[in-house]
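Reproduced below: target-v4.txt, with compact mmCIF, C-alpha atoms.
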```
# COMPACT_ATOMS: atom_id res chain seq x y z
CA MET A 128 -154.47 -16.24 -42.25
CA PHE A 129 -151.57 -16.09 -44.65
CA GLY A 130 -149.30 -19.15 -44.44
CA PHE A 131 -146.14 -17.10 -44.98
CA LEU A 132 -146.78 -15.18 -41.75
CA LYS A 133 -146.76 -18.35 -39.64
CA LYS A 134 -143.72 -18.66 -37.39
CA GLU A 135 -141.97 -21.99 -37.45
CA SER A 136 -142.45 -23.93 -34.21
CA SER A 137 -139.34 -24.43 -32.08
CA ALA A 138 -141.00 -27.11 -29.95
CA VAL A 139 -139.26 -30.49 -29.99
CA ALA A 140 -141.22 -33.75 -29.94
CA ALA A 141 -140.33 -37.22 -28.69
CA PRO A 142 -138.89 -39.27 -31.56
CA VAL A 143 -140.40 -42.56 -30.33
CA THR A 144 -142.79 -43.82 -27.66
CA GLY A 145 -141.00 -44.76 -24.44
CA THR A 146 -139.36 -43.27 -21.33
CA CYS A 147 -137.67 -39.89 -21.70
CA ILE A 148 -134.19 -39.63 -20.12
CA ARG A 149 -131.40 -37.06 -19.88
CA ILE A 150 -128.70 -37.40 -22.51
CA GLU A 151 -126.20 -37.73 -19.65
CA GLU A 152 -127.91 -41.05 -18.75
CA VAL A 153 -127.27 -42.66 -22.15
CA PRO A 154 -124.86 -45.60 -21.60
CA ASP A 155 -122.45 -44.41 -24.31
CA PRO A 156 -119.83 -41.71 -23.64
CA VAL A 157 -120.13 -40.24 -27.15
CA PHE A 158 -123.68 -39.18 -26.30
CA SER A 159 -123.59 -38.82 -22.49
CA SER A 160 -120.57 -36.50 -22.60
CA LYS A 161 -122.37 -34.35 -25.21
CA MET A 162 -119.43 -34.83 -27.58
CA MET A 163 -121.80 -34.52 -30.54
CA GLY A 164 -124.06 -31.93 -28.90
CA ASP A 165 -126.71 -31.54 -26.23
CA GLY A 166 -130.08 -33.24 -26.42
CA PHE A 167 -132.24 -35.89 -24.77
CA ALA A 168 -133.08 -39.55 -25.26
CA VAL A 169 -135.99 -41.97 -25.12
CA VAL A 170 -135.78 -45.62 -24.08
CA PRO A 171 -138.31 -46.99 -26.57
CA ASP A 172 -141.43 -49.07 -26.02
CA GLY A 173 -142.57 -48.34 -29.57
CA ASP A 174 -140.99 -49.15 -32.93
CA THR A 175 -141.69 -46.08 -35.09
CA VAL A 176 -139.33 -43.10 -35.06
CA VAL A 177 -140.85 -39.76 -36.03
CA ALA A 178 -139.43 -36.35 -36.89
CA PRO A 179 -139.00 -34.35 -33.64
CA MET A 180 -139.30 -31.04 -35.54
CA SER A 181 -140.52 -29.99 -38.98
CA GLY A 182 -137.80 -29.67 -41.59
CA GLU A 183 -135.82 -31.47 -44.25
CA ILE A 184 -134.15 -34.84 -43.87
CA VAL A 185 -130.60 -33.94 -44.88
CA MET A 186 -128.85 -37.19 -43.93
CA LEU A 187 -130.05 -40.78 -43.96
CA PRO A 188 -127.22 -43.34 -44.06
CA GLU A 189 -127.55 -46.72 -45.79
CA SER A 190 -127.36 -48.30 -42.33
CA LYS A 191 -130.79 -46.69 -41.61
CA HIS A 192 -129.92 -46.37 -37.88
CA ALA A 193 -130.06 -42.56 -37.80
CA PHE A 194 -131.17 -39.47 -39.68
CA GLY A 195 -130.16 -35.84 -39.69
CA MET A 196 -132.54 -32.93 -40.15
CA LYS A 197 -132.42 -29.19 -40.64
CA THR A 198 -135.30 -26.81 -39.93
CA LYS A 199 -136.13 -23.66 -41.90
CA SER A 200 -134.71 -21.58 -39.05
CA GLY A 201 -131.38 -23.44 -39.24
CA VAL A 202 -131.65 -25.86 -36.31
CA GLU A 203 -129.68 -29.00 -37.13
CA PHE A 204 -130.08 -32.26 -35.23
CA LEU A 205 -129.42 -35.96 -35.39
CA VAL A 206 -131.83 -38.70 -34.36
CA HIS A 207 -129.77 -41.78 -33.54
CA ILE A 208 -131.62 -45.06 -32.97
CA GLY A 209 -129.84 -47.29 -30.49
CA LEU A 210 -126.21 -47.85 -29.55
CA ASP A 211 -123.93 -49.67 -32.02
CA THR A 212 -126.86 -50.12 -34.42
CA VAL A 213 -124.66 -49.00 -37.34
CA GLU A 214 -123.15 -52.49 -37.16
CA LEU A 215 -126.49 -54.00 -38.29
CA ASN A 216 -125.94 -52.46 -41.76
CA GLY A 217 -129.62 -51.60 -42.07
CA GLU A 218 -130.95 -54.99 -41.01
CA GLY A 219 -134.03 -54.58 -38.81
CA PHE A 220 -134.78 -51.05 -40.07
CA THR A 221 -137.39 -49.84 -42.58
CA VAL A 222 -137.09 -46.33 -43.98
CA LEU A 223 -140.45 -44.52 -44.26
CA ALA A 224 -139.15 -41.17 -45.61
CA LYS A 225 -136.34 -40.32 -48.02
CA GLN A 226 -133.31 -38.08 -47.73
CA GLY A 227 -134.35 -34.70 -49.12
CA SER A 228 -137.95 -35.13 -47.91
CA LYS A 229 -139.63 -32.27 -46.10
CA VAL A 230 -141.44 -33.67 -43.06
CA LYS A 231 -143.55 -32.25 -40.28
CA ALA A 232 -142.95 -32.91 -36.58
CA GLY A 233 -144.54 -36.27 -35.78
CA ASP A 234 -144.23 -37.70 -39.31
CA PRO A 235 -142.86 -41.29 -39.34
CA VAL A 236 -139.28 -41.56 -40.68
CA ILE A 237 -137.98 -45.03 -39.69
CA ARG A 238 -139.53 -48.18 -38.22
CA PHE A 239 -137.38 -50.79 -36.49
CA ASP A 240 -137.85 -54.43 -35.53
CA LYS A 241 -137.52 -54.11 -31.76
CA ALA A 242 -137.47 -57.86 -31.02
CA PHE A 243 -134.86 -58.56 -33.71
CA ILE A 244 -132.51 -55.76 -32.62
CA GLU A 245 -132.86 -56.45 -28.88
CA GLY A 246 -132.32 -60.13 -29.69
CA LYS A 247 -128.86 -59.13 -30.91
CA GLY A 248 -128.19 -57.61 -27.47
CA ILE A 249 -128.36 -54.04 -28.76
CA ASN A 250 -129.62 -51.14 -26.61
CA LEU A 251 -132.31 -49.20 -28.54
CA THR A 252 -132.12 -45.94 -26.56
CA THR A 253 -132.87 -43.27 -29.17
CA MET A 254 -131.14 -39.90 -28.94
CA VAL A 255 -132.05 -36.46 -30.31
CA VAL A 256 -128.79 -34.51 -30.48
CA PHE A 257 -128.68 -30.84 -31.50
CA THR A 258 -125.62 -30.32 -33.69
CA GLY A 259 -126.23 -26.68 -34.58
CA GLY A 260 -128.55 -23.68 -34.34
CA PHE A 261 -130.38 -24.70 -31.14
CA ASP A 262 -129.56 -22.15 -28.48
CA LYS A 263 -132.12 -23.06 -25.80
CA GLU A 264 -131.30 -25.02 -22.69
CA ILE A 265 -132.43 -28.62 -22.93
CA GLN A 266 -135.05 -28.62 -20.19
CA THR A 267 -138.18 -30.70 -19.75
CA ASP A 268 -140.42 -31.92 -16.94
CA LEU A 269 -140.79 -35.26 -18.72
CA TYR A 270 -137.53 -36.94 -17.67
CA ASN A 271 -138.18 -40.47 -16.38
CA GLN A 272 -141.76 -40.29 -17.67
CA LYS A 273 -143.55 -42.07 -20.48
CA VAL A 274 -143.86 -40.06 -23.70
CA ASN A 275 -145.54 -40.90 -26.99
CA ALA A 276 -143.90 -40.38 -30.35
CA GLY A 277 -144.77 -36.83 -31.42
CA ASP A 278 -145.49 -35.55 -27.89
CA VAL A 279 -143.84 -32.19 -27.16
CA VAL A 280 -140.85 -32.75 -24.88
CA ILE A 281 -139.24 -29.29 -25.13
CA SER A 282 -141.77 -26.49 -25.54
CA GLU A 283 -141.20 -23.24 -27.40
```

As structure tokens, please, write out the structure in this file.
Amino acid sequence: MFGFLKKESSAVAAPVTGTCIRIEEVPDPVFSSKMMGDGFAVVPDGDTVVAPMSGEIVMLPESKHAFGMKTKSGVEFLVHIGLDTVELNGEGFTVLAKQGSKVKAGDPVIRFDKAFIEGKGINLTTMVVFTGGFDKEIQTDLYNQKVNAGDVVISE
């Protein structure tokens, strides 16, 4: 059919392979108190972080520990890899997509060196935090279950 008639998906995928947890379980009050917004997290087994939704990468700091995205429908969210990872100043991270890139849900954005970062005593729990435009309740049956990067966690 005609591409312009396709509705943008509002499903949200896991950003990395691992165990899905509630944002309230993240051992950092900035995230667990939802100070930045509601969302969910994954305790990673994998090392490749993918886009949870299709859209544009609007923020990718030099520290490479996070990225911000905005969808066509105006949903804005942050994917934050680990706790206190900003202090690594980009060490242990490889950027696979650029700021300004349009990516599809499941496309790789950042890869990290899990052994190196954990060797520094850093928790790699990866959060997806909705900072604007997402008006659905964060609800999934996948809490405390294994998810693969790109698997749908929150359905439409």

So that I can see what lies close to region 217-232 of chain A, please list as a count of residues only the residues with an atom at most 8 Å from it, counting all atoms listed in the file and leaving out residues fewer than 6 positions away in the same chain.
24

Would you kindly return, as a PDB file with C-alpha atoms, in the frame of the given file, each protein, DNA or RNA residue with an atom no farther than 8 Å from any atom of Asp278 (chain A), considering all atoms listed in the file and excluding same-chain residues fewer than 4 positions away?
```
ATOM      1  CA  ALA A 140    -141.220 -33.750 -29.940  1.00  0.00           C
ATOM      2  CA  ALA A 141    -140.330 -37.220 -28.690  1.00  0.00           C
ATOM      3  CA  GLY A 233    -144.540 -36.270 -35.780  1.00  0.00           C
ATOM      4  CA  VAL A 274    -143.860 -40.060 -23.700  1.00  0.00           C
TER       5      VAL A 274
END
```

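Nearest to Pro188 (chain A) of all the residues A:Val176, A:Val206, A:Asn275, A:Pro154 is A:Val206, counting only C-alpha atoms.
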
Nearby residues, (-126.9, -23.5, -29.4) file frame, 12 Å, all atoms listed in the file, as a PyMOL selection string
chain A and resi 164-166+201-204+256-265

If you measure from CA of Val143 (chain A) to CA of Lys273 (chain A), what distance in Å do you get, rounded to one decimal?
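These atoms are spaced 10.4 Å apart.
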
With 3 Å of padding per side, what axis-aligned box (centre and edge lengths, Å, one decimal) covers all the listed atoms of region 223-240 of chain A? Give it as lines of an AutoDock Vina configuration file.
```
center_x = -138.9
center_y = -43.3
center_z = -42.3
size_x = 17.2
size_y = 28.2
size_z = 19.6
```

In Å, rounded to a single decimal, give me how far CA of Ile281 (chain A) is from CA of Asp174 (chain A).
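A separation of 21.4 Å between them.
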
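Between CA of Ser160 (chain A) and CA of Gly248 (chain A) lies a distance of 23.0 Å.
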
Quick one: of A:Asp155, A:Gly195, A:Met163, A:Leu269, who's nearest to Asn250 (chain A), counting all atoms listed in the file?
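So, comparing all the options, the nearest one is A:Asp155.
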
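With only C-alpha atoms as the atoms that count, the residue of A:Ser282, A:Thr253, A:Asn271, A:Thr144 with the shortest distance to Phe194 (chain A) is A:Thr253.
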